[in-house]
>>> print(open('start-v9.cif').read())   # mmCIF, C-alpha atoms (C1' of nucleotides)
data_model
#
loop_
_atom_site.group_PDB
_atom_site.id
_atom_site.type_symbol
_atom_site.label_atom_id
_atom_site.label_comp_id
_atom_site.auth_asym_id
_atom_site.auth_seq_id
_atom_site.Cartn_x
_atom_site.Cartn_y
_atom_site.Cartn_z
ATOM 1 C CA MET A 214 1.420 -11.196 13.504
ATOM 2 C CA GLY A 215 -0.322 -8.703 11.317
ATOM 3 C CA ALA A 216 2.374 -6.053 11.611
ATOM 4 C CA THR A 217 4.930 -5.561 8.867
ATOM 5 C CA LYS A 218 8.416 -6.726 9.851
ATOM 6 C CA THR A 219 10.192 -3.549 8.791
ATOM 7 C CA ASP A 220 13.183 -4.266 11.013
ATOM 8 C CA HIS A 221 14.196 -7.176 8.786
ATOM 9 C CA PHE A 222 14.717 -5.056 5.704
ATOM 10 C CA THR A 223 17.188 -2.343 4.741
ATOM 11 C CA ASP A 224 16.491 1.333 5.378
ATOM 12 C CA LYS A 225 16.384 1.953 1.646
ATOM 13 C CA GLN A 226 13.855 -0.801 1.105
ATOM 14 C CA ASN A 227 11.697 0.532 3.905
ATOM 15 C CA ALA A 228 12.009 4.088 2.596
ATOM 16 C CA ILE A 229 10.815 3.150 -0.883
ATOM 17 C CA ALA A 230 8.057 0.972 0.560
ATOM 18 C CA THR A 231 6.862 3.909 2.671
ATOM 19 C CA LEU A 232 6.522 6.082 -0.437
ATOM 20 C CA THR A 233 4.858 3.416 -2.566
ATOM 21 C CA LYS A 234 2.558 2.441 0.247
ATOM 22 C CA ALA A 235 1.432 6.044 0.684
ATOM 23 C CA LEU A 236 0.622 6.135 -3.022
ATOM 24 C CA GLY A 237 -1.111 2.768 -2.883
ATOM 25 C CA HIS A 238 -4.615 4.174 -2.654
ATOM 26 C CA PRO A 239 -6.618 5.742 -5.507
ATOM 27 C CA ALA A 240 -7.709 8.658 -3.313
ATOM 28 C CA ARG A 241 -4.104 9.584 -2.637
ATOM 29 C CA ILE A 242 -3.218 9.193 -6.312
ATOM 30 C CA ALA A 243 -6.150 11.491 -7.070
ATOM 31 C CA ILE A 244 -4.885 14.035 -4.541
ATOM 32 C CA ILE A 245 -1.403 14.042 -6.096
ATOM 33 C CA GLU A 246 -2.891 14.438 -9.571
ATOM 34 C CA TYR A 247 -5.088 17.279 -8.399
ATOM 35 C CA LEU A 248 -2.179 19.091 -6.761
ATOM 36 C CA MET A 249 -0.265 18.652 -9.990
ATOM 37 C CA LYS A 250 -3.088 20.039 -12.105
ATOM 38 C CA ILE A 251 -4.126 23.182 -10.238
ATOM 39 C CA GLU A 252 -2.349 26.477 -10.700
ATOM 40 C CA LYS A 253 -3.013 27.993 -7.339
ATOM 41 C CA CYS A 254 -1.656 26.331 -4.282
ATOM 42 C CA ILE A 255 -4.581 27.009 -1.965
ATOM 43 C CA CYS A 256 -6.013 23.569 -1.777
ATOM 44 C CA GLY A 257 -9.047 23.908 0.411
ATOM 45 C CA ASP A 258 -11.139 22.330 -2.294
ATOM 46 C CA ILE A 259 -9.409 18.977 -2.411
ATOM 47 C CA VAL A 260 -12.346 17.842 -0.310
ATOM 48 C CA ASN A 261 -14.820 19.012 -2.966
ATOM 49 C CA GLU A 262 -12.835 17.263 -5.672
ATOM 50 C CA LEU A 263 -12.863 13.868 -4.018
ATOM 51 C CA PRO A 264 -15.859 11.583 -3.477
ATOM 52 C CA LEU A 265 -14.974 11.163 0.173
ATOM 53 C CA SER A 266 -15.882 12.939 3.378
ATOM 54 C CA GLN A 267 -13.804 15.750 4.824
ATOM 55 C CA PRO A 268 -12.351 13.677 7.677
ATOM 56 C CA THR A 269 -11.376 10.904 5.275
ATOM 57 C CA VAL A 270 -9.644 13.320 2.915
ATOM 58 C CA SER A 271 -7.885 14.930 5.865
ATOM 59 C CA GLN A 272 -6.616 11.533 6.899
ATOM 60 C CA HIS A 273 -5.299 10.761 3.413
ATOM 61 C CA LEU A 274 -3.548 14.132 3.323
ATOM 62 C CA LYS A 275 -1.928 13.326 6.637
ATOM 63 C CA GLU A 276 -0.618 10.042 5.311
ATOM 64 C CA LEU A 277 0.829 11.677 2.215
ATOM 65 C CA LYS A 278 2.449 14.279 4.454
ATOM 66 C CA ASN A 279 3.879 11.682 6.855
ATOM 67 C CA ALA A 280 5.399 9.828 3.918
ATOM 68 C CA GLY A 281 6.983 13.081 2.740
ATOM 69 C CA LEU A 282 5.079 13.248 -0.523
ATOM 70 C CA ILE A 283 3.372 16.564 0.157
ATOM 71 C CA LYS A 284 4.100 19.646 2.209
ATOM 72 C CA GLY A 285 1.509 21.782 3.962
ATOM 73 C CA ASN A 286 1.629 25.479 4.815
ATOM 74 C CA ILE A 287 -0.933 27.263 6.924
ATOM 75 C CA GLU A 288 -2.216 30.219 4.954
ATOM 76 C CA GLY A 289 -4.576 32.202 7.143
ATOM 77 C CA ASN A 290 -7.744 30.243 7.467
ATOM 78 C CA SER A 291 -6.956 27.524 4.954
ATOM 79 C CA ILE A 292 -3.957 25.355 4.187
ATOM 80 C CA CYS A 293 -1.734 25.217 1.144
ATOM 81 C CA TYR A 294 -0.667 21.735 0.146
ATOM 82 C CA CYS A 295 2.061 21.113 -2.418
ATOM 83 C CA ILE A 296 3.768 18.042 -3.832
ATOM 84 C CA ASP A 297 7.287 17.547 -2.535
ATOM 85 C CA GLU A 298 9.237 17.251 -5.773
ATOM 86 C CA LYS A 299 12.096 15.456 -4.094
ATOM 87 C CA ALA A 300 9.888 12.519 -3.187
ATOM 88 C CA ILE A 301 8.584 12.223 -6.743
ATOM 89 C CA GLU A 302 12.136 12.358 -8.055
ATOM 90 C CA LYS A 303 13.114 9.560 -5.708
ATOM 91 C CA MET A 304 10.304 7.438 -7.120
ATOM 92 C CA GLN A 305 11.217 8.270 -10.679
ATOM 93 C CA SER A 306 14.913 7.524 -10.322
ATOM 94 C CA TYR A 307 14.179 4.327 -8.440
ATOM 95 C CA PHE A 308 12.083 2.951 -11.286
ATOM 96 C CA ALA A 309 14.367 4.359 -13.964
ATOM 97 C CA ASN A 310 17.215 2.490 -12.349
ATOM 98 C CA ILE A 311 15.311 -0.798 -12.326
ATOM 99 C CA SER A 312 14.224 -0.229 -15.903
ATOM 100 C CA SER A 313 17.747 0.354 -17.200
ATOM 101 C CA LYS A 314 19.159 -2.577 -15.297
ATOM 102 C CA LEU A 315 16.490 -4.838 -16.731
ATOM 103 C CA GLU A 316 17.318 -3.699 -20.221
ATOM 104 C CA LYS A 317 20.975 -4.568 -19.746
ATOM 105 C CA LYS A 318 20.093 -8.024 -18.509
ATOM 106 C CA LYS A 319 17.894 -9.025 -21.405
ATOM 107 C CA THR A 320 17.220 -12.439 -19.925
ATOM 108 C CA ASP A 321 13.624 -12.248 -20.874
ATOM 109 C CA CYS A 322 12.877 -15.802 -19.968
ATOM 110 C CA CYS A 323 9.271 -15.551 -18.757
ATOM 111 C CA MET B 706 -16.498 0.671 5.889
ATOM 112 C CA GLY B 707 -12.938 -0.464 5.736
ATOM 113 C CA ALA B 708 -12.999 -1.259 2.040
ATOM 114 C CA THR B 709 -11.418 1.092 -0.474
ATOM 115 C CA LYS B 710 -13.960 2.894 -2.659
ATOM 116 C CA THR B 711 -12.278 2.057 -5.943
ATOM 117 C CA ASP B 712 -15.458 2.618 -7.915
ATOM 118 C CA HIS B 713 -15.276 6.352 -7.236
ATOM 119 C CA PHE B 714 -11.974 6.833 -9.003
ATOM 120 C CA THR B 715 -10.844 6.567 -12.599
ATOM 121 C CA ASP B 716 -9.489 3.343 -14.060
ATOM 122 C CA LYS B 717 -6.094 4.950 -14.497
ATOM 123 C CA GLN B 718 -5.979 6.059 -10.908
ATOM 124 C CA ASN B 719 -6.961 2.614 -9.729
ATOM 125 C CA ALA B 720 -4.409 0.991 -12.030
ATOM 126 C CA ILE B 721 -1.544 3.077 -10.678
ATOM 127 C CA ALA B 722 -2.739 2.582 -7.105
ATOM 128 C CA THR B 723 -2.774 -1.181 -7.660
ATOM 129 C CA LEU B 724 0.858 -1.128 -8.751
ATOM 130 C CA THR B 725 2.038 1.200 -5.978
ATOM 131 C CA LYS B 726 0.072 -0.706 -3.385
ATOM 132 C CA ALA B 727 1.681 -3.965 -4.460
ATOM 133 C CA LEU B 728 5.079 -2.321 -4.008
ATOM 134 C CA GLY B 729 4.064 -0.815 -0.676
ATOM 135 C CA HIS B 730 5.715 -3.473 1.442
ATOM 136 C CA PRO B 731 9.455 -3.870 2.081
ATOM 137 C CA ALA B 732 9.307 -7.620 1.446
ATOM 138 C CA ARG B 733 7.903 -7.041 -2.015
ATOM 139 C CA ILE B 734 10.470 -4.323 -2.709
ATOM 140 C CA ALA B 735 13.128 -6.817 -1.606
ATOM 141 C CA ILE B 736 11.710 -9.444 -3.952
ATOM 142 C CA ILE B 737 11.798 -7.052 -6.912
ATOM 143 C CA GLU B 738 15.369 -6.037 -6.069
ATOM 144 C CA TYR B 739 16.412 -9.673 -5.787
ATOM 145 C CA LEU B 740 14.837 -10.562 -9.135
ATOM 146 C CA MET B 741 16.675 -7.594 -10.633
ATOM 147 C CA LYS B 742 19.992 -8.641 -9.154
ATOM 148 C CA ILE B 743 20.192 -12.334 -9.971
ATOM 149 C CA GLU B 744 21.385 -13.633 -13.298
ATOM 150 C CA LYS B 745 19.555 -16.890 -13.436
ATOM 151 C CA CYS B 746 15.815 -16.876 -13.526
ATOM 152 C CA ILE B 747 15.225 -19.889 -11.349
ATOM 153 C CA CYS B 748 14.037 -18.199 -8.236
ATOM 154 C CA GLY B 749 13.417 -20.994 -5.819
ATOM 155 C CA ASP B 750 15.684 -19.310 -3.331
ATOM 156 C CA ILE B 751 13.691 -16.135 -2.871
ATOM 157 C CA VAL B 752 12.448 -17.794 0.284
ATOM 158 C CA ASN B 753 16.022 -18.240 1.533
ATOM 159 C CA GLU B 754 16.835 -14.615 0.749
ATOM 160 C CA LEU B 755 13.974 -13.163 2.745
ATOM 161 C CA PRO B 756 13.561 -13.193 6.524
ATOM 162 C CA LEU B 757 10.050 -14.556 6.205
ATOM 163 C CA SER B 758 8.498 -17.994 6.112
ATOM 164 C CA GLN B 759 7.796 -19.852 2.893
ATOM 165 C CA PRO B 760 4.016 -19.338 2.999
ATOM 166 C CA THR B 761 4.463 -15.612 3.620
ATOM 167 C CA VAL B 762 6.869 -15.237 0.717
ATOM 168 C CA SER B 763 4.528 -17.241 -1.490
ATOM 169 C CA GLN B 764 1.728 -14.866 -0.565
ATOM 170 C CA HIS B 765 3.826 -11.795 -1.393
ATOM 171 C CA LEU B 766 4.788 -13.326 -4.736
ATOM 172 C CA LYS B 767 1.121 -13.897 -5.468
ATOM 173 C CA GLU B 768 0.318 -10.265 -4.781
ATOM 174 C CA LEU B 769 3.101 -9.054 -7.045
ATOM 175 C CA LYS B 770 1.839 -11.418 -9.728
ATOM 176 C CA ASN B 771 -1.784 -10.301 -9.338
ATOM 177 C CA ALA B 772 -0.701 -6.687 -9.703
ATOM 178 C CA GLY B 773 1.152 -7.610 -12.890
ATOM 179 C CA LEU B 774 4.601 -6.739 -11.566
ATOM 180 C CA ILE B 775 6.079 -10.194 -11.973
ATOM 181 C CA LYS B 776 5.489 -13.185 -14.198
ATOM 182 C CA GLY B 777 5.895 -16.806 -13.174
ATOM 183 C CA ASN B 778 6.746 -19.833 -15.292
ATOM 184 C CA ILE B 779 6.650 -23.390 -14.089
ATOM 185 C CA GLU B 780 10.012 -24.943 -14.756
ATOM 186 C CA GLY B 781 9.913 -28.567 -13.836
ATOM 187 C CA ASN B 782 9.798 -28.820 -10.106
ATOM 188 C CA SER B 783 10.462 -25.181 -9.345
ATOM 189 C CA ILE B 784 9.146 -21.879 -10.637
ATOM 190 C CA CYS B 785 10.864 -19.103 -12.532
ATOM 191 C CA TYR B 786 9.779 -15.630 -11.531
ATOM 192 C CA CYS B 787 10.687 -12.538 -13.545
ATOM 193 C CA ILE B 788 9.911 -8.846 -13.315
ATOM 194 C CA ASP B 789 7.398 -7.662 -15.903
ATOM 195 C CA GLU B 790 9.265 -4.777 -17.505
ATOM 196 C CA LYS B 791 6.089 -3.196 -18.786
ATOM 197 C CA ALA B 792 4.806 -2.606 -15.262
ATOM 198 C CA ILE B 793 8.069 -0.995 -14.183
ATOM 199 C CA GLU B 794 7.999 1.196 -17.279
ATOM 200 C CA LYS B 795 4.478 2.290 -16.396
ATOM 201 C CA MET B 796 5.676 3.344 -12.957
ATOM 202 C CA GLN B 797 8.675 5.141 -14.359
ATOM 203 C CA SER B 798 6.778 7.094 -16.984
ATOM 204 C CA TYR B 799 4.051 7.974 -14.494
ATOM 205 C CA PHE B 800 6.529 9.599 -12.119
ATOM 206 C CA ALA B 801 8.588 11.113 -14.934
ATOM 207 C CA ASN B 802 5.426 12.776 -16.166
ATOM 208 C CA ILE B 803 4.619 14.252 -12.761
ATOM 209 C CA SER B 804 8.196 15.360 -12.341
ATOM 210 C CA SER B 805 8.322 17.240 -15.653
ATOM 211 C CA LYS B 806 4.952 18.847 -15.096
ATOM 212 C CA LEU B 807 6.055 20.060 -11.682
ATOM 213 C CA GLU B 808 9.185 21.576 -13.169
ATOM 214 C CA LYS B 809 7.143 23.546 -15.680
ATOM 215 C CA LYS B 810 4.886 24.899 -12.971
ATOM 216 C CA LYS B 811 7.627 26.215 -10.713
ATOM 217 C CA THR B 812 5.105 27.506 -8.187
ATOM 218 C CA ASP B 813 7.215 26.273 -5.364
ATOM 219 C CA CYS B 814 5.143 27.964 -2.708
ATOM 220 C CA CYS B 815 5.524 25.536 0.186
ATOM 221 C "C1'" DT C 1403 -17.925 38.700 20.857
ATOM 222 C "C1'" DT C 1404 -20.622 35.701 18.091
ATOM 223 C "C1'" DT C 1405 -20.849 33.355 13.889
ATOM 224 C "C1'" DT C 1406 -18.923 31.339 10.083
ATOM 225 C "C1'" DT C 1407 -15.339 28.812 7.531
ATOM 226 C "C1'" DA C 1408 -11.598 25.523 7.056
ATOM 227 C "C1'" DT C 1409 -9.218 21.813 8.718
ATOM 228 C "C1'" DA C 1410 -7.895 18.267 12.289
ATOM 229 C "C1'" DT C 1411 -8.837 14.767 15.755
ATOM 230 C "C1'" DT C 1412 -11.384 11.140 18.096
ATOM 231 C "C1'" DG C 1413 -13.899 7.040 18.308
ATOM 232 C "C1'" DC C 1414 -15.679 3.308 16.161
ATOM 233 C "C1'" DA C 1415 -17.356 -0.313 12.844
ATOM 234 C "C1'" DA C 1416 -16.180 -2.791 8.669
ATOM 235 C "C1'" DT C 1417 -12.748 -4.687 6.089
ATOM 236 C "C1'" DA C 1418 -7.949 -5.739 4.643
ATOM 237 C "C1'" DT C 1419 -3.245 -7.109 5.436
ATOM 238 C "C1'" DT C 1420 0.482 -9.601 7.516
ATOM 239 C "C1'" DA C 1421 2.522 -13.690 9.115
ATOM 240 C "C1'" DC C 1422 2.803 -18.452 9.909
ATOM 241 C "C1'" DA C 1423 1.682 -23.510 11.186
ATOM 242 C "C1'" DA C 1424 -0.413 -27.107 9.088
ATOM 243 C "C1'" DT C 1425 -1.599 -29.153 5.075
ATOM 244 C "C1'" DA C 1426 -2.191 -29.826 0.110
ATOM 245 C "C1'" DT C 1427 -0.413 -30.270 -4.558
ATOM 246 C "C1'" DA C 1428 2.523 -31.601 -8.048
ATOM 247 C "C1'" DG C 1429 6.726 -32.664 -10.199
ATOM 248 C "C1'" DT C 1430 11.377 -35.539 -9.393
ATOM 249 C "C1'" DT C 1431 14.077 -38.924 -7.898
ATOM 250 C "C1'" DT C 1432 14.844 -43.375 -6.145
ATOM 251 C "C1'" DA D 1079 5.126 -46.918 -6.100
ATOM 252 C "C1'" DA D 1080 7.483 -44.334 -2.144
ATOM 253 C "C1'" DA D 1081 10.154 -40.647 -0.684
ATOM 254 C "C1'" DC D 1082 11.659 -36.202 -1.558
ATOM 255 C "C1'" DT D 1083 11.496 -31.322 -3.170
ATOM 256 C "C1'" DA D 1084 9.374 -27.016 -4.300
ATOM 257 C "C1'" DT D 1085 5.589 -24.215 -4.091
ATOM 258 C "C1'" DA D 1086 0.617 -23.117 -3.057
ATOM 259 C "C1'" DT D 1087 -3.451 -23.037 -0.165
ATOM 260 C "C1'" DT D 1088 -6.100 -22.977 4.051
ATOM 261 C "C1'" DG D 1089 -7.132 -21.419 8.478
ATOM 262 C "C1'" DT D 1090 -6.395 -18.285 11.959
ATOM 263 C "C1'" DA D 1091 -4.607 -14.665 15.163
ATOM 264 C "C1'" DA D 1092 -2.714 -10.077 15.409
ATOM 265 C "C1'" DT D 1093 -2.605 -5.761 13.518
ATOM 266 C "C1'" DA D 1094 -3.551 -2.049 10.088
ATOM 267 C "C1'" DT D 1095 -6.431 0.548 6.999
ATOM 268 C "C1'" DT D 1096 -10.568 2.736 5.390
ATOM 269 C "C1'" DG D 1097 -14.368 5.676 6.015
ATOM 270 C "C1'" DC D 1098 -17.342 8.609 8.501
ATOM 271 C "C1'" DA D 1099 -20.198 10.953 12.293
ATOM 272 C "C1'" DA D 1100 -19.333 13.724 15.926
ATOM 273 C "C1'" DT D 1101 -16.522 16.886 17.851
ATOM 274 C "C1'" DA D 1102 -12.523 19.969 18.445
ATOM 275 C "C1'" DT D 1103 -9.602 23.759 16.977
ATOM 276 C "C1'" DA D 1104 -8.413 27.984 15.120
ATOM 277 C "C1'" DA D 1105 -8.514 31.781 12.053
ATOM 278 C "C1'" DA D 1106 -11.812 35.206 9.591
ATOM 279 C "C1'" DA D 1107 -15.843 37.771 9.114
ATOM 280 C "C1'" DA D 1108 -19.814 39.857 11.032
#
>>> encode(input="start-v9.cif", output="C-alpha cells")
Amino acid sequence: MGATKTDHFTDKQNAIATLTKALGHPARIAIIEYLMKIEKCICGDIVNELPLSQPTVSQHLKELKNAGLIKGNIEGNSICYCIDEKAIEKMQSYFANISSKLEKKKTDCC
Amino acid sequence: MGATKTDHFTDKQNAIATLTKALGHPARIAIIEYLMKIEKCICGDIVNELPLSQPTVSQHLKELKNAGLIKGNIEGNSICYCIDEKAIEKMQSYFANISSKLEKKKTDCC
DNA sequence: TTTTTATATTGCAATATTACAATATAGTTT
DNA sequence: AAACTATATTGTAATATTGCAATATAAAAA
C-alpha cells in the first residue's frame, strides 16, 4: 500500500490526474504563472523568483516537464522553459466540459 | 523537510494548488466523473463503482470535500454527494485565463 | 586551460499520501 | 431493543513527496 492504483482507472482519468497532480503544488503554480507573465523565454531566474533552493526548483521544473506542462530548450549556457499550451488547453476543456454538463443537469440538491 | 512551504506563496496560488492537488488522483477524478454522470444524487454506490475499499473511498471523498470540490448532505441513512459547481468554475476560468494570455503572447519559442 | 555561471543529479531526513482491516457511529428496519 | 445498513474513523504499513546540502555536468568567459 501507499502507491496509487493507476492500473484500475482509465487512461483518460490517469492522464488528467497526472496533469492536476503536477499542478497540485503552489511552487509549480507559481512557476506556471511566472512563465506566463514574462516576455522573454530565458528562464534562468525562476530560481530567484521562488522562495526555494535551486535544487528544489529544478525538481519542480522536472515534474512539470514530465507531466507535459512545460517544454525546455537548451539555449547556450541557460535553459528556456515555456508552457505547453496544449496541456493547458486540455485542462481548460476538461473543466469546461464538466461545467456545461453540470449546468444542463440542474439537480442542485446539495 | 517534507512539508510543503505554503506560507511562501500567495493565497491565490495556494487556493488553486489545493484544488488541483485534490484532483491529482485518478480515484478522485473518477469520483467527480461519476457524480457528473449520475442523475440521482444519492451516491451510496460510489464505493461499488470504484475499485477501492470503502474506507479508501471515504477518505478520498473527505479530501474532495475539504478542498471544496464536493458537498455532502446527510439523507436519512445514506449521504448525498454533489459537485460544487463554483469550484469547477474556478478551475475553468483559471485555465481559460492562462490559455488566452498565452495566445496573446505568441512567443512560441520552445 | 582555468574560472565562472547555469542547471541537474544524488543522497538523505522529514513529512505526506495511499490503501485497507478493524472498529466506531448513527440512522433504519424488524 | 436487536439486527441491519451506510458511512466515518482509527491505526498502521508501504510508498511518495518535499526540500536541501553536496556534488556533478556542461557551456561561457577569462
>>> calpha_fit_and_write(input="start-v9.cif", fixed="chain B", moving="chain A", output="compact mmCIF listing (two decimals) with C-alpha atoms, in the frame of the given file")
# COMPACT_ATOMS: atom_id res chain seq x y z
CA MET A 214 -16.54 0.93 5.82
CA GLY A 215 -13.02 -0.36 5.76
CA ALA A 216 -13.03 -1.19 2.06
CA THR A 217 -11.43 1.12 -0.47
CA LYS A 218 -13.97 2.93 -2.65
CA THR A 219 -12.30 2.08 -5.95
CA ASP A 220 -15.50 2.67 -7.91
CA HIS A 221 -15.29 6.40 -7.23
CA PHE A 222 -11.98 6.87 -9.00
CA THR A 223 -10.84 6.59 -12.61
CA ASP A 224 -9.51 3.35 -14.06
CA LYS A 225 -6.11 4.96 -14.49
CA GLN A 226 -6.00 6.07 -10.89
CA ASN A 227 -6.98 2.62 -9.71
CA ALA A 228 -4.44 0.99 -12.03
CA ILE A 229 -1.56 3.07 -10.68
CA ALA A 230 -2.75 2.57 -7.11
CA THR A 231 -2.79 -1.20 -7.66
CA LEU A 232 0.86 -1.14 -8.75
CA THR A 233 2.02 1.19 -5.98
CA LYS A 234 0.06 -0.72 -3.40
CA ALA A 235 1.68 -3.99 -4.46
CA LEU A 236 5.07 -2.34 -4.02
CA GLY A 237 4.07 -0.82 -0.70
CA HIS A 238 5.71 -3.48 1.43
CA PRO A 239 9.46 -3.87 2.07
CA ALA A 240 9.31 -7.63 1.44
CA ARG A 241 7.91 -7.06 -2.03
CA ILE A 242 10.47 -4.34 -2.72
CA ALA A 243 13.13 -6.83 -1.61
CA ILE A 244 11.72 -9.46 -3.96
CA ILE A 245 11.80 -7.06 -6.92
CA GLU A 246 15.37 -6.05 -6.08
CA TYR A 247 16.41 -9.67 -5.80
CA LEU A 248 14.85 -10.57 -9.14
CA MET A 249 16.66 -7.61 -10.63
CA LYS A 250 20.00 -8.65 -9.17
CA ILE A 251 20.21 -12.36 -9.99
CA GLU A 252 21.43 -13.63 -13.32
CA LYS A 253 19.54 -16.86 -13.46
CA CYS A 254 15.81 -16.81 -13.50
CA ILE A 255 15.20 -19.87 -11.35
CA CYS A 256 14.03 -18.20 -8.23
CA GLY A 257 13.42 -21.00 -5.81
CA ASP A 258 15.69 -19.30 -3.32
CA ILE A 259 13.70 -16.12 -2.88
CA VAL A 260 12.48 -17.80 0.28
CA ASN A 261 16.05 -18.23 1.55
CA GLU A 262 16.83 -14.61 0.75
CA LEU A 263 13.98 -13.17 2.76
CA PRO A 264 13.56 -13.19 6.54
CA LEU A 265 10.05 -14.55 6.22
CA SER A 266 8.49 -17.98 6.13
CA GLN A 267 7.82 -19.85 2.91
CA PRO A 268 4.04 -19.34 3.00
CA THR A 269 4.46 -15.63 3.63
CA VAL A 270 6.88 -15.24 0.73
CA SER A 271 4.54 -17.24 -1.48
CA GLN A 272 1.75 -14.87 -0.58
CA HIS A 273 3.83 -11.80 -1.40
CA LEU A 274 4.79 -13.34 -4.74
CA LYS A 275 1.13 -13.91 -5.47
CA GLU A 276 0.32 -10.28 -4.78
CA LEU A 277 3.10 -9.06 -7.04
CA LYS A 278 1.84 -11.42 -9.73
CA ASN A 279 -1.79 -10.31 -9.35
CA ALA A 280 -0.71 -6.70 -9.71
CA GLY A 281 1.16 -7.62 -12.90
CA LEU A 282 4.59 -6.75 -11.57
CA ILE A 283 6.08 -10.21 -11.98
CA LYS A 284 5.49 -13.20 -14.21
CA GLY A 285 5.88 -16.82 -13.18
CA ASN A 286 6.76 -19.84 -15.31
CA ILE A 287 6.69 -23.40 -14.09
CA GLU A 288 10.07 -24.94 -14.77
CA GLY A 289 9.95 -28.60 -13.83
CA ASN A 290 9.92 -28.81 -10.09
CA SER A 291 10.53 -25.15 -9.34
CA ILE A 292 9.17 -21.87 -10.65
CA CYS A 293 10.85 -19.09 -12.56
CA TYR A 294 9.77 -15.62 -11.54
CA CYS A 295 10.67 -12.54 -13.57
CA ILE A 296 9.90 -8.85 -13.33
CA ASP A 297 7.39 -7.67 -15.90
CA GLU A 298 9.26 -4.79 -17.50
CA LYS A 299 6.09 -3.20 -18.78
CA ALA A 300 4.81 -2.63 -15.27
CA ILE A 301 8.07 -1.01 -14.20
CA GLU A 302 7.98 1.20 -17.27
CA LYS A 303 4.47 2.29 -16.40
CA MET A 304 5.68 3.32 -12.96
CA GLN A 305 8.67 5.13 -14.35
CA SER A 306 6.77 7.09 -16.97
CA TYR A 307 4.05 7.95 -14.49
CA PHE A 308 6.53 9.58 -12.12
CA ALA A 309 8.57 11.10 -14.92
CA ASN A 310 5.42 12.77 -16.16
CA ILE A 311 4.62 14.22 -12.74
CA SER A 312 8.20 15.34 -12.33
CA SER A 313 8.31 17.22 -15.63
CA LYS A 314 4.96 18.83 -15.07
CA LEU A 315 6.07 20.04 -11.67
CA GLU A 316 9.17 21.56 -13.16
CA LYS A 317 7.13 23.52 -15.67
CA LYS A 318 4.89 24.86 -12.95
CA LYS A 319 7.60 26.21 -10.71
CA THR A 320 5.11 27.48 -8.17
CA ASP A 321 7.22 26.29 -5.35
CA CYS A 322 5.17 27.94 -2.69
CA CYS A 323 5.52 25.49 0.21
>>> closest_atom_pairs(input="start-v9.cif", of="chain A", to="chain C", cutoff="12 Å", atoms="all atoms listed in the file", output="Markdown table")
| residue | atom | partner | partner_atom | distance |
| --- | --- | --- | --- | --- |
| A:Met214 | CA | C:DA1421 | C1' | 5.2 |
| A:Gly215 | CA | C:DT1420 | C1' | 4.0 |
| A:Ala216 | CA | C:DT1420 | C1' | 5.7 |
| A:Thr217 | CA | C:DT1420 | C1' | 6.2 |
| A:Lys218 | CA | C:DT1420 | C1' | 8.8 |
| A:Thr219 | CA | C:DT1420 | C1' | 11.5 |
| A:Ile255 | CA | C:DA1408 | C1' | 11.5 |
| A:Cys256 | CA | C:DA1408 | C1' | 10.6 |
| A:Gly257 | CA | C:DA1408 | C1' | 7.3 |
| A:Asp258 | CA | C:DA1408 | C1' | 9.9 |
| A:Ile259 | CA | C:DT1409 | C1' | 11.5 |
| A:Val260 | CA | C:DT1409 | C1' | 10.3 |
| A:Gln267 | CA | C:DT1409 | C1' | 8.5 |
| A:Pro268 | CA | C:DA1410 | C1' | 7.9 |
| A:Thr269 | CA | C:DA1410 | C1' | 10.7 |
| A:Val270 | CA | C:DT1409 | C1' | 10.3 |
| A:Ser271 | CA | C:DA1410 | C1' | 7.2 |
| A:Gln272 | CA | C:DA1410 | C1' | 8.7 |
| A:His273 | CA | C:DA1410 | C1' | 11.9 |
| A:Leu274 | CA | C:DA1410 | C1' | 10.8 |
| A:Lys275 | CA | C:DA1410 | C1' | 9.6 |
| A:Gly285 | CA | C:DT1409 | C1' | 11.7 |
| A:Ile287 | CA | C:DT1409 | C1' | 10.1 |
| A:Glu288 | CA | C:DA1408 | C1' | 10.7 |
| A:Gly289 | CA | C:DA1408 | C1' | 9.7 |
| A:Asn290 | CA | C:DA1408 | C1' | 6.1 |
| A:Ser291 | CA | C:DA1408 | C1' | 5.5 |
| A:Ile292 | CA | C:DT1409 | C1' | 7.8 |
| A:Cys293 | CA | C:DT1409 | C1' | 11.2 |
>>> atom_distance(input="start-v9.cif", atom1="CA of Ser313 (chain A)", atom2="CA of Ser805 (chain B)")
19.4 Å
>>> closest_residue(input="start-v9.cif", among="A:Asn286, A:Ser266, A:Ser306, A:Thr223", to="chain D", atoms="only C-alpha atoms (C1' of nucleotides)")
A:Ser266
>>> axis_aligned_box(input="start-v9.cif", around="region 751-759 of chain B", padding_each_side="8 Å", output="AutoDock Vina command-line options")
--center_x 12.3 --center_y -16.5 --center_z 1.8 --size_x 25.0 --size_y 22.7 --size_z 25.4
>>> interface_residues(input="start-v9.cif", of="chain A", to="chain B", cutoff="6 Å", atoms="all atoms listed in the file", output="list in words")
Gln226, Asn227, Ala230, Thr233, Lys234, Leu236, Gly237, His238, Pro239, Gln305, Phe308 and Ala309 of chain A
>>> atom_distance(input="start-v9.cif", atom1="CA of Ile244 (chain A)", atom2="C1' of DA1099 (chain D)")
23.0 Å
>>> resolve_selection(input="start-v9.cif", expression="the PyMOL selection byres ((chain D) within 6 of (chain A))", output="short mmCIF file (atom, residue, chain, number, x, y, z; two decimals) with C-alpha atoms (C1' of nucleotides), in the frame of the given file")
data_model
loop_
_atom_site.label_atom_id
_atom_site.label_comp_id
_atom_site.auth_asym_id
_atom_site.auth_seq_id
_atom_site.Cartn_x
_atom_site.Cartn_y
_atom_site.Cartn_z
"C1'" DA D 1092 -2.71 -10.08 15.41
"C1'" DT D 1093 -2.60 -5.76 13.52
"C1'" DA D 1105 -8.51 31.78 12.05
#
>>> atom_distance(input="start-v9.cif", atom1="C1' of DT1087 (chain D)", atom2="CA of Leu774 (chain B)")
21.5 Å
